[in-house]
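Right, one structure below, let's go through it.
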Amino acid sequence: MVDVPAQAANVARNLRYRGVDAVREFASMVTHSLRSTTEPDPVLDADWDALVVLDACRADLFAEVAADAAYDFLPEDPGSRTSPASSSVEWMESVFGGAPEGALADVAYVTGNPYSASKFDHDRCHSVEEVWRYAWEDALGTIPPRPVTDAAVRTGRETDADRLLVHYMQPHFPSVAERERRSDGVELDEFGDREMSVWDDLRFGRRSEADVWRAYRGNLELVLDDLELLFANLDADRVVVTADHGNAFGEHHLYGHPGGVDVPVLREVPWCETTAADTRSHEPEAAGRDDTGDDGDVIEARLEDLGYRT
């Protein structure tokens, strides 16, 4: 459900920048609240040994990239399902928090999403590895795919859990490629104002939809390259690649992925079924040292890097 007071506060804060557009977005979120009748497809009840979650991946984007000959390890027609949520927080609360007693006991969870610190009870899972705690890259404002892949390979080889759930941050913005180019000295004007999110750049016409879509696709291609490596170093007869939610590019006056909203571009996610076999072609790096502990300020800063107001 849309958090009406919080979103109303956002409208008030943004009115001087966005004017009537802020009101339209708020009205759209309320109109398309998840109180509607769209029923989600099951996640934990589905038949999988390994579930790979790509953060903020639209089904149409995934289908577009899967059709590319470069990704022949994916079926050309990957399929889609309806997510229970339009944001990561709601997805975790729905999938983990709403799971029956014992349903997570055989699930090893490997995640790059910092919301894992607060949105579910870790003790209900077989094990939880929060890779973002030791592999976050401040210069990128996110965690790149490889440390998540390494953790998933280690877990797959070493754990006795029956099921593995791996949560990558890509294709969620920020774009790793763009941040890397910034660190190489590319002029920031090419990417808009550092203090503005990619969605504000799109709202205000500082970047075109085609340009943002290219960056979005590039972030997906980055993580798919790592999925190819993962699937060659993991034993799983039934693998599913999906997403927690999608992204809005201005549809219904919405941008990004506000919580509690029921529109297809936010709730239709890929559901790609494949297999994996461990060829031992990759030796993963060991886990790093946790540099967050119970420091809420560090966690909050990492969520803000991802564009979340905490």
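Chains: A, B, ... in order of the structure tokens. Residues: from 1 per chain. Ligands: from 1, in order shown.
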Assign secondary structure with DSSP using the backbone only, and return the residues of range 145-286 of chain A in alpha helix (DSSP H) as number ranges by chain. A: 145-158, 176-183, 198-203, 209-231, 264-267
Pull the closest atom pair for each residue of range 155-253 of chain A that gets at most 8 Å from range 107-111 of chain A, along with the distance in Å to one decimal, counting only C-alpha atoms, ordering rows by chain and then ascending residue number, as a Markdown table.
| residue | atom | partner | partner_atom | distance |
| --- | --- | --- | --- | --- |
| A:Thr155 | CA | A:Ala108 | CA | 7.6 |
| A:Thr159 | CA | A:Ala108 | CA | 7.9 |
| A:Ala161 | CA | A:Ala108 | CA | 6.0 |
| A:Asp162 | CA | A:Val107 | CA | 6.5 |
| A:Arg163 | CA | A:Val107 | CA | 4.8 |
| A:Leu164 | CA | A:Ala108 | CA | 4.9 |
| A:Leu165 | CA | A:Tyr109 | CA | 4.8 |
| A:Val166 | CA | A:Val110 | CA | 4.8 |
| A:His167 | CA | A:Thr111 | CA | 4.5 |
| A:Tyr168 | CA | A:Thr111 | CA | 6.4 |
Give me every strand (DSSP E or B) residue in range 212-282 of chain A, going by DSSP on the backbone, as a list in words.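 Written out, the strand (DSSP E or B) residues of range 212-282 of chain A are Ala236, Asp237, Arg238, Val239, Val240, Val241, Thr242, Ala243, Ala248, Phe249, Tyr255, Gly256, Val261, Glu268, Val269, Pro270, Cys272, Glu273, Thr274, Thr275 and Ala276 of chain A.
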Set the distance at 8 Å and use only C-alpha atoms: which residues neighbour Thr142 in chain A once local chain neighbours fewer than 4 positions away are removed? I'd like the list as a ChimeraX atom specification. /A:136-138,169,174,176,302,305-306
Export of prior selection with C-alpha atoms as a short mmCIF file (atom, residue, chain, number, x, y, z; two decimals), in the first residue's frame:
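Printed below is again.cif as written:
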data_model
loop_
_atom_site.label_atom_id
_atom_site.label_comp_id
_atom_site.auth_asym_id
_atom_site.auth_seq_id
_atom_site.Cartn_x
_atom_site.Cartn_y
_atom_site.Cartn_z
CA TRP A 136 30.45 -2.00 -1.40
CA GLU A 137 32.32 0.42 -3.67
CA ASP A 138 31.79 4.01 -2.57
CA MET A 169 21.83 -4.98 -7.26
CA PRO A 174 23.42 3.88 -10.43
CA VAL A 176 28.29 1.02 -12.92
CA ARG A 302 24.59 3.11 1.10
CA ASP A 305 23.75 6.00 -2.85
CA LEU A 306 21.04 3.86 -4.45
#
Which residues of range 100-214 of chain A come within 9 Å of range 70-92 of chain A, and what is each one's closest atom pair and distance in Å (one decimal), counting only C-alpha atoms, sorted by chain and residue number, as a tab-separated table?
residue	atom	partner	partner_atom	distance
A:Asn113	CA	A:Ser88	CA	8.4
A:Tyr115	CA	A:Val89	CA	6.6
A:Ser116	CA	A:Met92	CA	7.8
A:Lys119	CA	A:Met92	CA	6.4
A:Phe120	CA	A:Met92	CA	6.9
Taking only C-alpha atoms into account, name the residue in A:Val239, A:Gly205, A:Ala210, A:Ser197 that is nearest to Gly307 in chain A. A:Ser197
So, with only C-alpha atoms as the atoms that count, which of A:Ala152, A:Ala66, A:Leu266, A:Ala99 lies closest to Asp45 in chain A?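 Of A:Ala152, A:Ala66, A:Leu266, A:Ala99, the one nearest Asp45 in chain A is A:Ala99, counting only C-alpha atoms.
Of the residues under consideration (A:Asp262, A:Glu285, A:Glu64, A:Asp294), A:Asp294 shows the shortest atom-to-atom contact distance to Ala117 in chain A when counting only C-alpha atoms.
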What is the CA of Val128 in chain A to CA of Ala50 in chain A distance in Å? 14.4 Å
Expressed in Å, the length from CA of Gly260 in chain A to CA of Leu140 in chain A is 28.1 Å
Near Ala286 in chain A, counting only C-alpha atoms, which residues have an atom at most 12 Å away, once you skip same-chain residues fewer than 6 positions from it, shown as a PyMOL selection string? chain A and resi 131+134-135+146-155
